[in-house]
2 protein chains.
Amino acid sequence: MDGDADIAAVGALLAEPARASVLLALADGRSLAASMLAAEAGVAASTASHHLARLVDAGLVRVESRGRHRYFSLAGPQVGELIEAVARVAPPKPVTSLREGTRAHAVRYARSCYDHLAGRLGIAVADALCDDDFAITAAGARRLHAIGVDVRTGDHARACRDWTEQRDHIAGPLGTELLSALVQHGWLRRDARTRAVRVTEAGAAELPRRLHVELP
Amino acid sequence: MDGDADIAAVGALLAEPARASVLLALADGRSLAASMLAAEAGVAASTASHHLARLVDAGLVRVESRGRHRYFSLAGPQVGELIEAVARVAPPKPVTSLREGTRAHAVRYARSCYDHLAGRLGIAVADALCDDDFAITAAGARRLHAIGVDVRTGDHARACRDWTEQRDHIAGPLGTELLSALVQHGWLRRDARTRAVRVTEAGAAELPRRLHVELP
DNA sequence: CAGACCCTTCGACGGCGGTCGAATCGTCCC
DNA sequence: GGGACGATTCGACCGCCGTCGAAGGGTCTG
């Protein structure tokens with residue numbers, strides 16, 4: 001067997017409530033700053049920093065410096081699966097209800113990340129509007145104008161990595177404006193309680209037609 | 001999300017090397033006595049007892065009293081999957097090789113448990129020879145005699161529960177004698193390094209014919 | 001260039017939990 | 001029934017790790 005796997009080390013990482021909170025906060029694929037995670041876990045910034053360093057050391061969490069912020073996210077799908085496996089065992093209520101299953105699926109399909117669009121849908125939108133350097137294409141800018149989003153050809157969209165898909169999606173101010181526009185047109189609807197985003201019937205028709213988005 | 005899952009509690013369970021060793025020892029579905037697990041973990045019997053009580057309390061491990069022994073096993077497939085998920089993250093070597101995959105499959109199909117037969121094959125053998133009360137049927141006793149195993153009709157075989165299949169298989173002295181007889185006839189072959197058991201070509205032909213075992 | 005902000009490092013404090021040996025209870029074997 | 005054996009409970013000791021505040025680098029803003 002694989003008796004050489006140091007499973008206790010991973011357990012110790014999960015054992016501390018503060019670290020567990022951090023991992024749960026990141027479990028849906030978000031990329032959060034250290035101060036956010038400190039607040040989420042209810043500990044001082046120094047404590048959170050200490051924990052985050054350990055999680056990064058262990059390879060469970062990835063960190064990316066962006067200006068004076070440092071954004072943390074899960075290191076890969078395996079880590080997400082780990083958390084799911086733990087959560088499935090954690091409560092005495094072993095029933096992973098069907099509703100939760102579909103909800104998790106919805107979250108994986110499309111979700112908001114801060115205030116922009118992520119998940120497979122977010123990537124599809126980025127593919128439709130940006131070139132390989134994440135600059136807005138001429139056609140993309142034209143189509144965005146048509147739906148009321150002001151952007152110039154060649155502008156570089158801020159990229160935000162999505163660990164569930166290992167791809168980038170559009171973040172930053174443009175991402176914010178884009179998501180709110182799509183919601184305003186009635187093409188997307190944000191779930192009130194989770195970060196899931198659903199494509200409406202109108203959206204299923206208009207997103208491919210108006211923005212050339214290939215719905216996944 | 002399911003933010004109410006106490007993932008830290010599960011982590012604390014895995015965090016202690018002694019408990020981790022116990023879980024790894026049970027990971028292949030075996031049912032082991034407390035003293036065995038104490039030796040496996042390298043701690044005193046009292047310490048092991050303490051840990052096992054906690055694991056049972058948390059619902060990760062199931063215990064079954066049999067005489068003056070108490071046999072521990074994983075509480076269900078979910079726990080096995082948990083351990084697999086943790087082990088997958090634990091080492092920096094993330095490659096779950098194909099070889100391990102097939103080996104795990106072999107172990108699930110048929111394996112030895114102490115010195116008797118377990119896994120799906122073990123259950124198939126039990127089905128062929130025992131009635132619902134785990135007593136040897138007349139036909140079963142006749143066929144066992146024919147291959148040199150001495151047993152009387154109506155004798156109760158000792159049952160041993162298999163968490164991967166949620167069924168019982170034949171343990172005890174009869175289980176021991178049976179496995180060694182099957183190996184001696186060249187119908188089964190035990191892997192030297194793991195607990196996997198393989199059905200030989202002769203076994204594939206003779207087990208159904210001589211013992212009326214329906215090979216799974 | 002000064003100030004605010006984000007994050008990390010450092011040192012000291014405090015508490016929880018693992019560990020063992022001895023004693024006890026229950027079961028099996030002669 | 002006596003003795004051996006397996007397992008658990010109890011009490012005491014010890015060590016590790018999370019926690020915080022203060023201080024120090026690094027970065028953006030006016």
# chains A, B, ... in the order shown; residues from 1 in each chain; ligands from 1
>>> interface_residues(of="chain A", to="chain C", cutoff="7 Å", atoms="only C-alpha atoms (C1' of nucleotides)", output="list in words")
Ser49, Arg68 and His69 of chain A
>>> interface_residues(of="chain B", to="chain A", cutoff="6 Å", atoms="only C-alpha atoms", output="PyMOL selection string")
chain B and resi 5-8+10-12+14-17+20+82+85+87+90-91
>>> closest_atom_pairs(of="chain D", to="chain A", cutoff="12 Å", atoms="only C-alpha atoms (C1' of nucleotides)", output="Markdown table")
| residue | atom | partner | partner_atom | distance |
| --- | --- | --- | --- | --- |
| D:DC17 | C1' | A:Glu16 | CA | 9.8 |
| D:DG18 | C1' | A:Thr47 | CA | 8.1 |
| D:DT19 | C1' | A:Thr47 | CA | 7.0 |
| D:DC20 | C1' | A:Ala44 | CA | 7.3 |
| D:DG21 | C1' | A:Ser46 | CA | 9.4 |
| D:DA22 | C1' | A:Ser46 | CA | 11.0 |
| D:DG25 | C1' | A:Arg68 | CA | 11.6 |
| D:DG26 | C1' | A:Arg68 | CA | 7.4 |
| D:DT27 | C1' | A:Arg68 | CA | 5.0 |
| D:DC28 | C1' | A:Arg68 | CA | 7.3 |
>>> write_last_selection(atoms="C-alpha atoms (C1' of nucleotides)", output="tab-separated table (two decimals), in the first residue's frame")
chain	number	residue	atom	x	y	z
D	17	DC	C1'	1.05	24.83	18.71
D	18	DG	C1'	-2.30	28.58	18.21
D	19	DT	C1'	-2.93	33.33	19.70
D	20	DC	C1'	-2.01	38.07	20.05
D	21	DG	C1'	0.39	42.84	19.91
D	22	DA	C1'	4.17	45.38	18.35
D	25	DG	C1'	9.50	45.75	4.93
D	26	DG	C1'	6.97	46.61	0.74
D	27	DT	C1'	3.52	49.11	-2.24
D	28	DC	C1'	0.16	52.38	-3.89
>>> atom_distance(atom1="CA of Gly172 (chain A)", atom2="CA of Asp155 (chain A)")
11.9 Å
>>> residues_around(residues="Ser180 (chain B)", least_positions_apart="6", cutoff="12 Å", atoms="only C-alpha atoms (C1' of nucleotides)", output="JSON, numbers by chain")
{"B": [112, 115, 116, 117, 147, 148, 149, 173, 174, 186, 187, 188, 189, 190, 197]}
>>> residues_around(residues="Thr153 (chain B)", least_positions_apart="4", cutoff="12 Å", atoms="only C-alpha atoms (C1' of nucleotides)", output="list in words")
Leu129, Cys130, Asp131, Phe134, Ala135, Ile136, Thr137, Ala138, Ala139, Gly140, Ala141, Arg142, Arg143, Leu144, His145 and Ala157 of chain B
>>> write_last_selection(atoms="C-alpha atoms", output="CSV table (one decimal), in the first residue's frame")
chain,number,residue,atom,x,y,z
B,129,LEU,CA,-21.5,-22.8,0.6
B,130,CYS,CA,-23.6,-21.2,3.3
B,131,ASP,CA,-27.3,-20.5,3.9
B,134,PHE,CA,-24.1,-18.7,7.7
B,135,ALA,CA,-24.4,-22.5,8.3
B,136,ILE,CA,-22.8,-24.8,5.8
B,137,THR,CA,-25.4,-26.4,3.5
B,138,ALA,CA,-25.4,-30.1,2.8
B,139,ALA,CA,-24.3,-29.5,-0.8
B,140,GLY,CA,-21.6,-27.1,0.5
B,141,ALA,CA,-20.2,-29.7,2.9
B,142,ARG,CA,-20.2,-32.4,0.2
B,143,ARG,CA,-18.3,-30.2,-2.2
B,144,LEU,CA,-15.8,-29.1,0.5
B,145,HIS,CA,-15.1,-32.8,1.3
B,157,ALA,CA,-18.9,-20.5,9.8
>>> closest_residue(among="B:Leu55, B:Asp133, B:Ala126, B:Thr200", to="Gly175 (chain B)", atoms="only C-alpha atoms")
B:Ala126
>>> select_by_dssp(residues="region 20-63 of chain A", states="strand (DSSP E or B)", output="PyMOL selection string")
chain A and resi 32-33+61-63
>>> write_last_selection(atoms="C-alpha atoms", output="JSON list (two decimals), in the first residue's frame")
[["chain", "number", "residue", "atom", "x", "y", "z"],
["A", 32, "LEU", "CA", -9.11, 35.91, -1.64],
["A", 33, "ALA", "CA", -6.76, 38.38, -0.01],
["A", 61, "VAL", "CA", -2.84, 26.73, -1.32],
["A", 62, "ARG", "CA", -1.35, 28.86, -4.03],
["A", 63, "VAL", "CA", -0.49, 32.51, -3.55]]
>>> atom_distance(atom1="CA of Val199 (chain B)", atom2="CA of Phe72 (chain B)")
27.9 Å
>>> atom_distance(atom1="CA of Ala146 (chain A)", atom2="CA of Gly119 (chain A)")
24.3 Å
